[in-house]
Amino acid sequence: MTDHSENYFHYWGKAAPLTDSTNQRSYHLLAYHCLDVAAVGQRILLQDPKLLRKIIPSDVFKDEPEREQWCVGIITFLLAHHDVGKFSDRFQNLIPELLKELKQYSYVFPYTVHHTDMGRLLFEKEIWQRIWDSDWFRLDPNDDRSDWKDVWNPWFFAVTGHHGIPPEKPEPPISMLFEDENRQSAILFSEACAMLFLKTKFSFHQIFSEKYLPEFSRTSWLLAGLAVMSDWIGSNNDHFAYHSIPMPLETYWKEYAIPQAEKAIRTFGILPGTVSSETGMHAMFPDLSTPTHLQSFAETCEILPTPQLFIIEEATGSGKTETSLVLAHRLMAQGLAEGIYFGLPTMATANAMYDRMEKAYGHLFSRDSHPSLVLAHSGSKLSEKFQQSIGYSDRSVYEQEHSDEISASAQCTAWLSDNRKKALLAQVGVGTIDQALIAVLPLHHQSLRLLGLSRNILIVDEVHAFDTYVERVLENLLEFHAAMGGSAILLSATLPQAQRQALICAFSSGLGIIDCGDVRQSHYPMVTRVTSQSNEPEECPIQKCEMTHRTIEVECTDDPGVVMKHLSKAIEEGGCACWVKNTVDDAIEAYRTLSQYFGDENVLLFHARFTMGDRIEKENEVLKLFGKDSTPELRKSLLLLR
């Protein structure tokens, strides 16, 4: 049992502002906050075994229960050290009166190095030595200590980098950043955590191998995301109340940290739902009577138990969206994912897809699940439908116990909806593709997005619409996603062979396939599949759907007079027309001219420079007048300028 006089109880981890009435400040001891975060991470892993298996390097643990248990203990131990840099008096002096209250002295040196960077340094200089000497990680003592340090360093850096960026190595030496008493307190805390999380004596010692180096580097991205998520949840004051009175760490762990972590992760809606075992077109879309050839392929093709990429090329209106959802559902039922992220090129297309998913996404999960559906783009807070879906976790006990009485409308927890960084943690996300691409860009908290995506099937629509830059970033995302054990489905009305080849090679590289093989067929429509079980992509020609294939005459002209002639004819005959301009300025100029010619009531202008509120209003108007539920009477004699 821990002695209450242990030095690590002399450090604060979280503190509230001063109260006006008493001029006092409540605070949460650093040791307790560290255990809160560790409890959240541990509970997530134990209740999401698929995520656990993605994080633990398969070449090390080989699906053996004993080694899996060992790994959970190590991850919990590491998460408990995420804020170990706060043991520095430089950090503690951010609130001088608290430092003096806890330690009975004042301090003069400033806080100049971030606590995450100081935490990394403390791991390298002090804690790793204790891990090795005390055999906490069960590593073969005959191996070279520095080799094992190179293996574990990515995981150390992942947890200390919980503020969203990798920690840097500080320039000042450790003696300038930590007093001797600070370092001793951190070591005592490590020893206490080892007693809590690493006390089981396993029957093995892990032998070093060079192949562990890339494995731990790869999985460190997911561990970094888990550390960010655990810290965000573990810092929530509504669930983790401040405790400033010392008690044995084991008591706090069992009576406070674990129960509150269990409650928090349920409330925030981040645990996976139960996937429905009823798959296929009829299960997903009961009202769809006759599947297309493409949809029939989706519900009958073999689903291999390995990460895979599908590239679907078919005409607009052929049911690609329904096809992708059926494929994704079958992949989920195979245990390859826990949800979906649907990425689209624009906010307008994302909003339209959100409306469609609202009616269908519940069929992916069992009736007793309450999966979240999140709209993820910069204007999502202006979506009335999305705002109405937020907060389902606060429904009455009656509704929770009698789920059949809950309407089929979209549901989303308030915690998942409050910023876009969390959106990819939902069971089903719909948004702009940039929200997924950020996962492989050097931006804050990208590891959190990567973690969310790793649990989901990535579906990307209108792949042909992306420019060269986005195409390249998408290739990087596919490579990362495959390396993390993820599957993807790409949809396109038309796709050049060179672009299809690049996408295939990117995903294959993530699977560890060096030579991805060449695409050979140019059949249209077609489905291309990539798996780790073959170096060659599988190309599956699909029979054409006669209802969606048509011949369209195209006339090329650079004469504005000819364009005006066609527009006038469409308006006069009671039809409708759309003129897409190259720039917003061109569209505005054309609007001024055409509204004088045809009348303001017959010409609509829709472009990207409208303020967000006006843009949403314009988007809804355009969808109403020209969308799939439009009628000839609604769009009669209307001209849309884009």
# chains A, B, ... in the order shown; residues from 1 in each chain; ligands from 1
call {"tool": "closest_atom_pairs", "arguments": {"of": "stretch 209-319 of chain A", "to": "stretch 439-455 of chain A", "cutoff": "12 Å", "atoms": "only C-alpha atoms", "output": "JSON lines"}}
result
{"residue": "A:Arg218", "atom": "CA", "partner": "A:Ser447", "partner_atom": "CA", "distance": 11.6}
{"residue": "A:Thr219", "atom": "CA", "partner": "A:Leu451", "partner_atom": "CA", "distance": 10.0}
{"residue": "A:Ser220", "atom": "CA", "partner": "A:Ser447", "partner_atom": "CA", "distance": 9.3}
{"residue": "A:Trp221", "atom": "CA", "partner": "A:Ser447", "partner_atom": "CA", "distance": 5.8}
{"residue": "A:Leu222", "atom": "CA", "partner": "A:Leu451", "partner_atom": "CA", "distance": 5.2}
{"residue": "A:Leu223", "atom": "CA", "partner": "A:Leu451", "partner_atom": "CA", "distance": 8.1}
{"residue": "A:Ala224", "atom": "CA", "partner": "A:Ser447", "partner_atom": "CA", "distance": 6.0}
{"residue": "A:Gly225", "atom": "CA", "partner": "A:Leu448", "partner_atom": "CA", "distance": 4.0}
{"residue": "A:Leu226", "atom": "CA", "partner": "A:Leu448", "partner_atom": "CA", "distance": 7.0}
{"residue": "A:Ala227", "atom": "CA", "partner": "A:Leu448", "partner_atom": "CA", "distance": 8.6}
{"residue": "A:Val228", "atom": "CA", "partner": "A:Leu448", "partner_atom": "CA", "distance": 6.5}
{"residue": "A:Met229", "atom": "CA", "partner": "A:Leu448", "partner_atom": "CA", "distance": 6.9}
{"residue": "A:Ser230", "atom": "CA", "partner": "A:Leu448", "partner_atom": "CA", "distance": 10.3}
{"residue": "A:Asp231", "atom": "CA", "partner": "A:Leu448", "partner_atom": "CA", "distance": 11.4}
{"residue": "A:Trp232", "atom": "CA", "partner": "A:Leu448", "partner_atom": "CA", "distance": 10.8}
{"residue": "A:Ile270", "atom": "CA", "partner": "A:Gly452", "partner_atom": "CA", "distance": 9.4}
{"residue": "A:Leu271", "atom": "CA", "partner": "A:Arg455", "partner_atom": "CA", "distance": 10.6}
{"residue": "A:Pro272", "atom": "CA", "partner": "A:Arg455", "partner_atom": "CA", "distance": 8.9}
{"residue": "A:Gly273", "atom": "CA", "partner": "A:Arg455", "partner_atom": "CA", "distance": 11.6}
{"residue": "A:Pro307", "atom": "CA", "partner": "A:Ser454", "partner_atom": "CA", "distance": 10.9}
call {"tool": "atom_distance", "arguments": {"atom1": "atom CA of A:Gly317", "atom2": "atom CA of A:Ile542"}}
result
15.0 Å
call {"tool": "residues_around", "arguments": {"residues": "A:Ala80", "least_positions_apart": "4", "cutoff": "9 Å", "atoms": "only C-alpha atoms", "output": "PyMOL selection string"}}
result
chain A and resi 31+33-39+75-76+84+159+190+193
call {"tool": "write_last_selection", "arguments": {"atoms": "N, CA and C atoms", "output": "CSV table (one decimal), in the first residue's frame"}}
result
chain,number,residue,atom,x,y,z
A,31,ALA,N,-0.8,13.0,-9.6
A,31,ALA,CA,-0.9,11.6,-9.7
A,31,ALA,C,-2.3,11.1,-10.0
A,33,HIS,N,-4.7,12.8,-11.7
A,33,HIS,CA,-5.0,13.1,-13.1
A,33,HIS,C,-4.3,12.1,-14.0
A,34,CYS,N,-3.1,11.7,-13.7
A,34,CYS,CA,-2.4,10.7,-14.6
A,34,CYS,C,-3.2,9.4,-14.5
A,35,LEU,N,-3.7,9.0,-13.4
A,35,LEU,CA,-4.5,7.7,-13.3
A,35,LEU,C,-5.8,7.9,-14.0
A,36,ASP,N,-6.4,9.1,-14.0
A,36,ASP,CA,-7.7,9.3,-14.7
A,36,ASP,C,-7.5,8.9,-16.2
A,37,VAL,N,-6.4,9.5,-16.8
A,37,VAL,CA,-6.1,9.3,-18.2
A,37,VAL,C,-5.8,7.9,-18.5
A,38,ALA,N,-5.0,7.3,-17.6
A,38,ALA,CA,-4.7,5.9,-17.8
A,38,ALA,C,-5.9,5.0,-17.8
A,39,ALA,N,-6.8,5.3,-16.9
A,39,ALA,CA,-8.1,4.5,-16.8
A,39,ALA,C,-8.9,4.6,-18.0
A,75,ILE,N,0.7,-0.3,-21.9
A,75,ILE,CA,0.1,0.9,-22.4
A,75,ILE,C,-0.6,1.7,-21.3
A,76,THR,N,-1.2,1.0,-20.3
A,76,THR,CA,-1.8,1.7,-19.2
A,76,THR,C,-0.7,2.4,-18.4
A,84,VAL,N,4.2,13.3,-17.2
A,84,VAL,CA,5.3,13.2,-16.2
A,84,VAL,C,6.1,14.4,-16.2
A,159,VAL,N,2.9,9.0,-26.1
A,159,VAL,CA,2.1,9.3,-24.9
A,159,VAL,C,2.5,10.7,-24.4
A,190,SER,N,6.6,6.3,-10.8
A,190,SER,CA,6.8,5.2,-11.8
A,190,SER,C,6.7,3.9,-11.0
A,193,CYS,N,3.2,3.1,-10.1
A,193,CYS,CA,2.4,2.7,-11.3
A,193,CYS,C,2.8,1.3,-11.8
call {"tool": "closest_residue", "arguments": {"among": "A:Trp136, A:Pro172, A:Trp70, A:Lys50", "to": "A:Gly339", "atoms": "only C-alpha atoms"}}
result
A:Lys50
call {"tool": "residues_around", "arguments": {"residues": "A:Ala426", "least_positions_apart": "4", "cutoff": "8 Å", "atoms": "only C-alpha atoms", "output": "number ranges by chain"}}
result
A: 269-270, 339, 371-374, 416, 422, 452
call {"tool": "write_last_selection", "arguments": {"atoms": "C-alpha atoms", "output": "PDB file, in the first residue's frame"}}
result
ATOM      1  CA  GLY A 269     -20.224   7.697 -27.476  1.00  0.00           C
ATOM      2  CA  ILE A 270     -16.782   6.534 -28.586  1.00  0.00           C
ATOM      3  CA  GLY A 339     -17.876   2.055 -38.678  1.00  0.00           C
ATOM      4  CA  PRO A 371     -24.346   4.644 -33.004  1.00  0.00           C
ATOM      5  CA  SER A 372     -23.384   8.260 -33.582  1.00  0.00           C
ATOM      6  CA  LEU A 373     -23.730   9.944 -36.980  1.00  0.00           C
ATOM      7  CA  VAL A 374     -21.567  13.058 -37.292  1.00  0.00           C
ATOM      8  CA  LEU A 416     -18.328  14.184 -30.449  1.00  0.00           C
ATOM      9  CA  LYS A 422     -13.437  14.383 -32.744  1.00  0.00           C
ATOM     10  CA  GLY A 452     -10.661   7.369 -35.708  1.00  0.00           C
TER      11      GLY A 452
END
call {"tool": "closest_residue", "arguments": {"among": "A:Asn23, A:Gln334, A:Ser88, A:Ser417", "to": "A:Asp180", "atoms": "only C-alpha atoms"}}
result
A:Ser88
call {"tool": "atom_distance", "arguments": {"atom1": "atom CA of A:Gly574", "atom2": "atom CA of A:Arg635"}}
result
8.4 Å
call {"tool": "residues_around", "arguments": {"residues": "A:Glu479", "least_positions_apart": "5", "cutoff": "9 Å", "atoms": "only C-alpha atoms", "output": "list in words"}}
result
Leu474, Met484, Leu503, Cys505, Ala506, Phe507, Ser508, Ser509, Gly510 and Leu511 of chain A
call {"tool": "write_last_selection", "arguments": {"atoms": "C-alpha atoms", "output": "PDB file, in the first residue's frame"}}
result
ATOM      1  CA  LEU A 474      -5.263  10.946 -50.734  1.00  0.00           C
ATOM      2  CA  MET A 484      -3.109   0.596 -39.880  1.00  0.00           C
ATOM      3  CA  LEU A 503      -4.316   4.730 -55.911  1.00  0.00           C
ATOM      4  CA  CYS A 505       0.023   1.346 -55.596  1.00  0.00           C
ATOM      5  CA  ALA A 506      -0.493   3.634 -52.598  1.00  0.00           C
ATOM      6  CA  PHE A 507      -2.792   1.168 -50.816  1.00  0.00           C
ATOM      7  CA  SER A 508      -0.564  -1.772 -51.782  1.00  0.00           C
ATOM      8  CA  SER A 509       2.442  -0.008 -50.299  1.00  0.00           C
ATOM      9  CA  GLY A 510       0.602   0.296 -46.994  1.00  0.00           C
ATOM     10  CA  LEU A 511      -0.048  -3.453 -47.104  1.00  0.00           C
TER      11      LEU A 511
END
call {"tool": "closest_residue", "arguments": {"among": "A:Phe9, A:Phe240, A:Tyr524, A:Tyr27", "to": "A:Lys263", "atoms": "only C-alpha atoms"}}
result
A:Phe240
call {"tool": "residues_around", "arguments": {"residues": "A:Asp89", "least_positions_apart": "2", "cutoff": "12 Å", "atoms": "only C-alpha atoms", "output": "mmCIF file with N, CA and C atoms, in the first residue's frame"}}
result
data_model
loop_
_atom_site.group_PDB
_atom_site.id
_atom_site.type_symbol
_atom_site.label_atom_id
_atom_site.label_comp_id
_atom_site.auth_asym_id
_atom_site.auth_seq_id
_atom_site.Cartn_x
_atom_site.Cartn_y
_atom_site.Cartn_z
ATOM 1 N N HIS A 10 2.842 15.923 -3.791
ATOM 2 C CA HIS A 10 3.129 17.340 -3.599
ATOM 3 C C HIS A 10 3.067 18.115 -4.911
ATOM 4 N N TYR A 11 2.373 17.560 -5.911
ATOM 5 C CA TYR A 11 2.323 18.180 -7.238
ATOM 6 C C TYR A 11 0.873 18.260 -7.710
ATOM 7 N N TRP A 12 0.498 19.407 -8.247
ATOM 8 C CA TRP A 12 -0.844 19.559 -8.812
ATOM 9 C C TRP A 12 -0.811 19.232 -10.310
ATOM 10 N N GLY A 13 -1.912 18.715 -10.815
ATOM 11 C CA GLY A 13 -2.011 18.395 -12.239
ATOM 12 C C GLY A 13 -3.007 19.264 -12.974
ATOM 13 N N VAL A 84 4.165 13.304 -17.155
ATOM 14 C CA VAL A 84 5.269 13.186 -16.212
ATOM 15 C C VAL A 84 6.149 14.437 -16.215
ATOM 16 N N GLY A 85 6.124 15.206 -17.308
ATOM 17 C CA GLY A 85 6.889 16.447 -17.358
ATOM 18 C C GLY A 85 6.409 17.488 -16.367
ATOM 19 N N LYS A 86 5.176 17.331 -15.873
ATOM 20 C CA LYS A 86 4.646 18.288 -14.895
ATOM 21 C C LYS A 86 5.275 18.126 -13.515
ATOM 22 N N PHE A 87 6.120 17.107 -13.341
ATOM 23 C CA PHE A 87 6.829 16.985 -12.072
ATOM 24 C C PHE A 87 7.917 18.039 -11.932
ATOM 25 N N PHE A 91 7.125 23.856 -14.167
ATOM 26 C CA PHE A 91 5.699 23.790 -14.489
ATOM 27 C C PHE A 91 4.862 24.125 -13.257
ATOM 28 N N GLN A 92 5.198 23.558 -12.128
ATOM 29 C CA GLN A 92 4.423 23.778 -10.910
ATOM 30 C C GLN A 92 4.345 25.261 -10.543
ATOM 31 N N ASN A 93 5.378 26.024 -10.929
ATOM 32 C CA ASN A 93 5.428 27.448 -10.601
ATOM 33 C C ASN A 93 4.511 28.293 -11.484
ATOM 34 N N LEU A 94 3.785 27.651 -12.418
ATOM 35 C CA LEU A 94 2.756 28.396 -13.156
ATOM 36 C C LEU A 94 1.693 28.927 -12.198
ATOM 37 N N ILE A 95 1.503 28.253 -11.074
ATOM 38 C CA ILE A 95 0.610 28.745 -10.022
ATOM 39 C C ILE A 95 1.436 28.783 -8.739
ATOM 40 N N PRO A 96 2.152 29.869 -8.513
ATOM 41 C CA PRO A 96 3.105 29.921 -7.396
ATOM 42 C C PRO A 96 2.483 29.607 -6.040
ATOM 43 N N LEU A 98 0.048 27.613 -5.345
ATOM 44 C CA LEU A 98 -0.165 26.173 -5.189
ATOM 45 C C LEU A 98 1.148 25.456 -4.923
ATOM 46 N N LEU A 99 2.189 25.856 -5.643
ATOM 47 C CA LEU A 99 3.498 25.253 -5.403
ATOM 48 C C LEU A 99 3.909 25.446 -3.942
ATOM 49 N N LYS A 100 3.702 26.650 -3.430
ATOM 50 C CA LYS A 100 4.090 26.932 -2.048
ATOM 51 C C LYS A 100 3.221 26.156 -1.062
ATOM 52 N N LEU A 102 1.791 23.242 -1.548
ATOM 53 C CA LEU A 102 2.089 21.812 -1.615
ATOM 54 C C LEU A 102 3.510 21.488 -1.169
ATOM 55 N N LYS A 103 4.446 22.421 -1.384
ATOM 56 C CA LYS A 103 5.856 22.096 -1.150
ATOM 57 C C LYS A 103 6.528 22.991 -0.112
ATOM 58 N N TYR A 105 7.689 25.958 -0.220
ATOM 59 C CA TYR A 105 8.759 26.865 -0.631
ATOM 60 C C TYR A 105 8.361 27.553 -1.925
ATOM 61 N N SER A 106 9.061 28.616 -2.247
ATOM 62 C CA SER A 106 8.842 29.357 -3.494
ATOM 63 C C SER A 106 9.926 28.982 -4.506
ATOM 64 N N TYR A 107 9.633 29.284 -5.758
ATOM 65 C CA TYR A 107 10.546 28.900 -6.842
ATOM 66 C C TYR A 107 10.699 30.089 -7.775
ATOM 67 N N VAL A 108 11.876 30.206 -8.389
ATOM 68 C CA VAL A 108 12.138 31.426 -9.165
ATOM 69 C C VAL A 108 12.321 31.178 -10.651
ATOM 70 N N PHE A 109 12.658 29.942 -11.051
ATOM 71 C CA PHE A 109 12.973 29.710 -12.465
ATOM 72 C C PHE A 109 11.687 29.615 -13.299
ATOM 73 N N PRO A 110 11.698 30.193 -14.502
ATOM 74 C CA PRO A 110 10.465 30.258 -15.313
ATOM 75 C C PRO A 110 10.186 28.957 -16.064
ATOM 76 N N TYR A 111 8.949 28.847 -16.516
ATOM 77 C CA TYR A 111 8.496 27.709 -17.328
ATOM 78 C C TYR A 111 8.776 28.052 -18.789
ATOM 79 N N THR A 112 9.868 27.515 -19.333
ATOM 80 C CA THR A 112 10.293 27.864 -20.695
ATOM 81 C C THR A 112 10.230 26.694 -21.662
ATOM 82 N N VAL A 113 10.175 25.476 -21.177
ATOM 83 C CA VAL A 113 10.106 24.274 -22.015
ATOM 84 C C VAL A 113 8.781 23.580 -21.728
ATOM 85 N N HIS A 115 5.804 21.042 -21.003
ATOM 86 C CA HIS A 115 5.879 19.850 -20.155
ATOM 87 C C HIS A 115 5.913 18.554 -20.959
ATOM 88 N N MET A 118 9.556 18.102 -21.701
ATOM 89 C CA MET A 118 10.254 17.685 -20.480
ATOM 90 C C MET A 118 9.914 16.239 -20.128
ATOM 91 N N SER A 175 19.167 18.467 -15.614
ATOM 92 C CA SER A 175 19.424 19.068 -14.301
ATOM 93 C C SER A 175 18.922 20.498 -14.204
ATOM 94 N N MET A 176 18.759 21.172 -15.353
ATOM 95 C CA MET A 176 18.237 22.535 -15.344
ATOM 96 C C MET A 176 16.712 22.560 -15.356
ATOM 97 N N LEU A 177 16.084 21.485 -15.820
ATOM 98 C CA LEU A 177 14.624 21.450 -15.945
ATOM 99 C C LEU A 177 13.951 20.769 -14.761
ATOM 100 N N PHE A 178 14.658 19.867 -14.100
ATOM 101 C CA PHE A 178 14.108 19.137 -12.955
ATOM 102 C C PHE A 178 15.080 19.233 -11.783
ATOM 103 N N GLU A 179 14.556 19.590 -10.640
ATOM 104 C CA GLU A 179 15.340 19.504 -9.420
ATOM 105 C C GLU A 179 15.487 18.032 -9.020
ATOM 106 N N ASP A 180 16.482 17.750 -8.177
ATOM 107 C CA ASP A 180 16.691 16.358 -7.748
ATOM 108 C C ASP A 180 15.425 15.782 -7.111
ATOM 109 N N GLU A 181 14.732 16.597 -6.333
ATOM 110 C CA GLU A 181 13.501 16.129 -5.691
ATOM 111 C C GLU A 181 12.412 15.863 -6.721
ATOM 112 N N ASN A 182 12.354 16.650 -7.799
ATOM 113 C CA ASN A 182 11.388 16.410 -8.878
ATOM 114 C C ASN A 182 11.618 15.046 -9.517
ATOM 115 N N ARG A 183 12.856 14.774 -9.818
ATOM 116 C CA ARG A 183 13.192 13.504 -10.476
ATOM 117 C C ARG A 183 12.906 12.317 -9.555
ATOM 118 N N SER A 185 10.654 12.222 -7.201
ATOM 119 C CA SER A 185 9.191 12.079 -7.114
ATOM 120 C C SER A 185 8.651 11.349 -8.334
ATOM 121 N N ALA A 186 9.175 11.690 -9.517
ATOM 122 C CA ALA A 186 8.731 11.024 -10.737
ATOM 123 C C ALA A 186 9.072 9.540 -10.710
#
call {"tool": "closest_residue", "arguments": {"among": "A:Gln497, A:Gly512, A:Arg472, A:Ser568", "to": "A:Pro214", "atoms": "only C-alpha atoms"}}
result
A:Gly512
call {"tool": "atom_distance", "arguments": {"atom1": "atom CA of A:Cys412", "atom2": "atom CA of A:Glu358"}}
result
11.2 Å
call {"tool": "closest_residue", "arguments": {"among": "A:Thr300, A:Gln435, A:Ser534, A:Asn142", "to": "A:His205", "atoms": "only C-alpha atoms"}}
result
A:Asn142
call {"tool": "residues_around", "arguments": {"residues": "A:Gln533", "least_positions_apart": "6", "cutoff": "10 Å", "atoms": "only C-alpha atoms", "output": "mmCIF file with N, CA and C atoms, in the first residue's frame"}}
result
data_model
loop_
_atom_site.group_PDB
_atom_site.id
_atom_site.type_symbol
_atom_site.label_atom_id
_atom_site.label_comp_id
_atom_site.auth_asym_id
_atom_site.auth_seq_id
_atom_site.Cartn_x
_atom_site.Cartn_y
_atom_site.Cartn_z
ATOM 1 N N LEU A 304 -12.820 -11.104 -48.232
ATOM 2 C CA LEU A 304 -11.682 -11.765 -47.613
ATOM 3 C C LEU A 304 -11.420 -11.175 -46.222
ATOM 4 N N PRO A 305 -10.879 -11.973 -45.313
ATOM 5 C CA PRO A 305 -10.625 -11.485 -43.936
ATOM 6 C C PRO A 305 -9.329 -10.698 -43.836
ATOM 7 N N THR A 306 -9.169 -9.708 -44.684
ATOM 8 C CA THR A 306 -7.944 -8.919 -44.720
ATOM 9 C C THR A 306 -8.278 -7.516 -45.197
ATOM 10 N N PRO A 307 -7.513 -6.502 -44.810
ATOM 11 C CA PRO A 307 -7.767 -5.147 -45.311
ATOM 12 C C PRO A 307 -7.765 -5.118 -46.838
ATOM 13 N N GLN A 308 -8.683 -4.362 -47.412
ATOM 14 C CA GLN A 308 -8.803 -4.340 -48.870
ATOM 15 C C GLN A 308 -9.315 -3.009 -49.381
ATOM 16 N N LEU A 511 0.078 -2.035 -47.441
ATOM 17 C CA LEU A 511 -0.048 -3.453 -47.104
ATOM 18 C C LEU A 511 1.294 -4.164 -47.103
ATOM 19 N N ILE A 513 3.155 -4.458 -49.948
ATOM 20 C CA ILE A 513 3.365 -5.017 -51.289
ATOM 21 C C ILE A 513 4.264 -4.061 -52.067
#
call {"tool": "select_by_dssp", "arguments": {"residues": "stretch 174-319 of chain A", "states": "strand (DSSP E or B)", "output": "list in words"}}
result
Gln206, Val275, Gln308, Leu309, Phe310, Ile311, Ile312 and Glu313 of chain A
call {"tool": "closest_residue", "arguments": {"among": "A:Ala192, A:Ala315, A:Leu122, A:Ile187", "to": "A:Thr551", "atoms": "only C-alpha atoms"}}
result
A:Ala315
